[in-house]
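Just below is one structure, and these are the notes that go with it.
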Amino acid sequence: MFDTLVSWIQGDLSPSARIWTALAPAMLASAYFIGGLLVFSIRCLFKGVPQDEETLKRGSTVLVGMFLRHYFFWIIQPLWAVVYRSGLPANALSMLSGLLGVSSGVAVAAGRFALGGWLFLAAGILDVMDGRIARLRKEANPAGAALDSVLDRYVDSAMLMGLAWYYRDTWVLLPVLMALLGTSLVPYVRARGEGLGINIRGGAMQRLERVLFLGAGVALSPIFEAIWFPEQKHPIHWLAVIGMVFVAVMSNVTALSRFRTLVNALAPPPATPRKRSGLSLFGFNAAAGAIATAVDFGAVLGMVEGLKFSPVAATALGCVLGGVVNYTLNRLITFRSRGAVAPQVARYTLVSATSAMLNAGGVALLTLHPQLAYTLGWWLARGAVYFAWNLPLQRDYVFNDPPEALMERPHAA
């Protein structure tokens, strides 16, 4: 018995033991939450959905709707009542949440995904309770809010650092680092906005969603690994990888969405009125680039195969022709510009030349990593340069007509 306990603590588990260490808490939690969902649904049929005021204030997301949020806070009510009656201060709950969260990172770094996942979920539940208790007791203050916010960052970072250590020799390290970046930027953009007087709370992947998808994926992954890959010494934990990749993608999407909202809210109005929405500009600009590339390629084929030009000369002329087509389509269709052509051509040439250098430099840097396919590096570099350099500068620099150009336009009847 003692030897079995020592083996369990050290993580030296048989395939069946790995299944049960993950499945036992899952069965208990599932029985409670699934049974509670049934009772909650029946109650809603007769009495309606119980309205949790804080949930209404916080709103819902695409991933976790209002019904599930009301259900979650209803189902943890018994545990919340016990904690509240215990008299524990809210800051103590925040510290306990932090300790459990940091411990979850230590556990997953050692390969104990079931233990780490459940510790992470427990830390998330305590994090929900501490603020509510502080507000109910009228103990909420800036110091407590700062403590809670900073500890949340430690909890999220500890879990992802533990995963990074576990996956340090595999490709999964990259999405783990992307998840670490996204989960750090989501609250930062919100805090930066609040510091500048802008309230930003939108996005699909907020903290409740991060805790749910990452914690559940990590906690339950040993079950599937033990069933499908029982002999592996260092299992990949595919369910955890799926949850973590989903968090990585959606957290960065949320961070970029918040960042865009913040910049748009703070940016001064443009000197000239926009004639298309941002999405329309992106679509037309991308279409113009695609058409210009097709013309470029077709011209190169015609010159080499039909006119017997050298590939080098054909490529150079094709680039010029593609640039002319791209400029013309963007001027006439995408941005509907009426500005003077010569200054625009000079600005367009500058942007295109720097774009070529940035793309070449980006591909050169990415090919320093031989494990990354050069084609993927090419697309990554092109995408980054397009969104960070080409599109913004074509919109705000190349085709940004001066006020005097607007005055020359005929007024609409």
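Each chain in the structure tokens gets a letter, A, B, ..., in the order shown, and its residues are numbered from 1; ligands are numbered from 1 in order too.
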message = List as a PyMOL selection string the protein and nucleic acid residues near stretch 331-333 of chain A, meaning an atom at most 10 Å away when only C-alpha atoms are counted, but skip any in the same chain fewer than 6 places from it.
response = chain A and resi 281+284-285+288+325+339+341+344+394+398-399
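The nearest approach to A:Tyr188 among the residues A:Phe259, A:Phe297, A:Phe213, A:Trp80, with only C-alpha atoms taken into account, belongs to A:Phe259.
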- request: Tell me, as JSON, numbers by chain, which residues lie within 12 Å of A:Thr254, counting only C-alpha atoms; anything in the same chain fewer than 4 positions away does not count.
  value: {"A": [61, 62, 179, 181, 182, 183, 184, 185, 186, 187, 188, 189, 190, 200, 201, 202, 203, 204, 205, 206, 207, 209, 210, 246, 247, 248, 249, 250, 258, 259, 260, 261]}
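Atom CA of A:Asp156 is found 23.7 Å from atom CA of A:Leu88.
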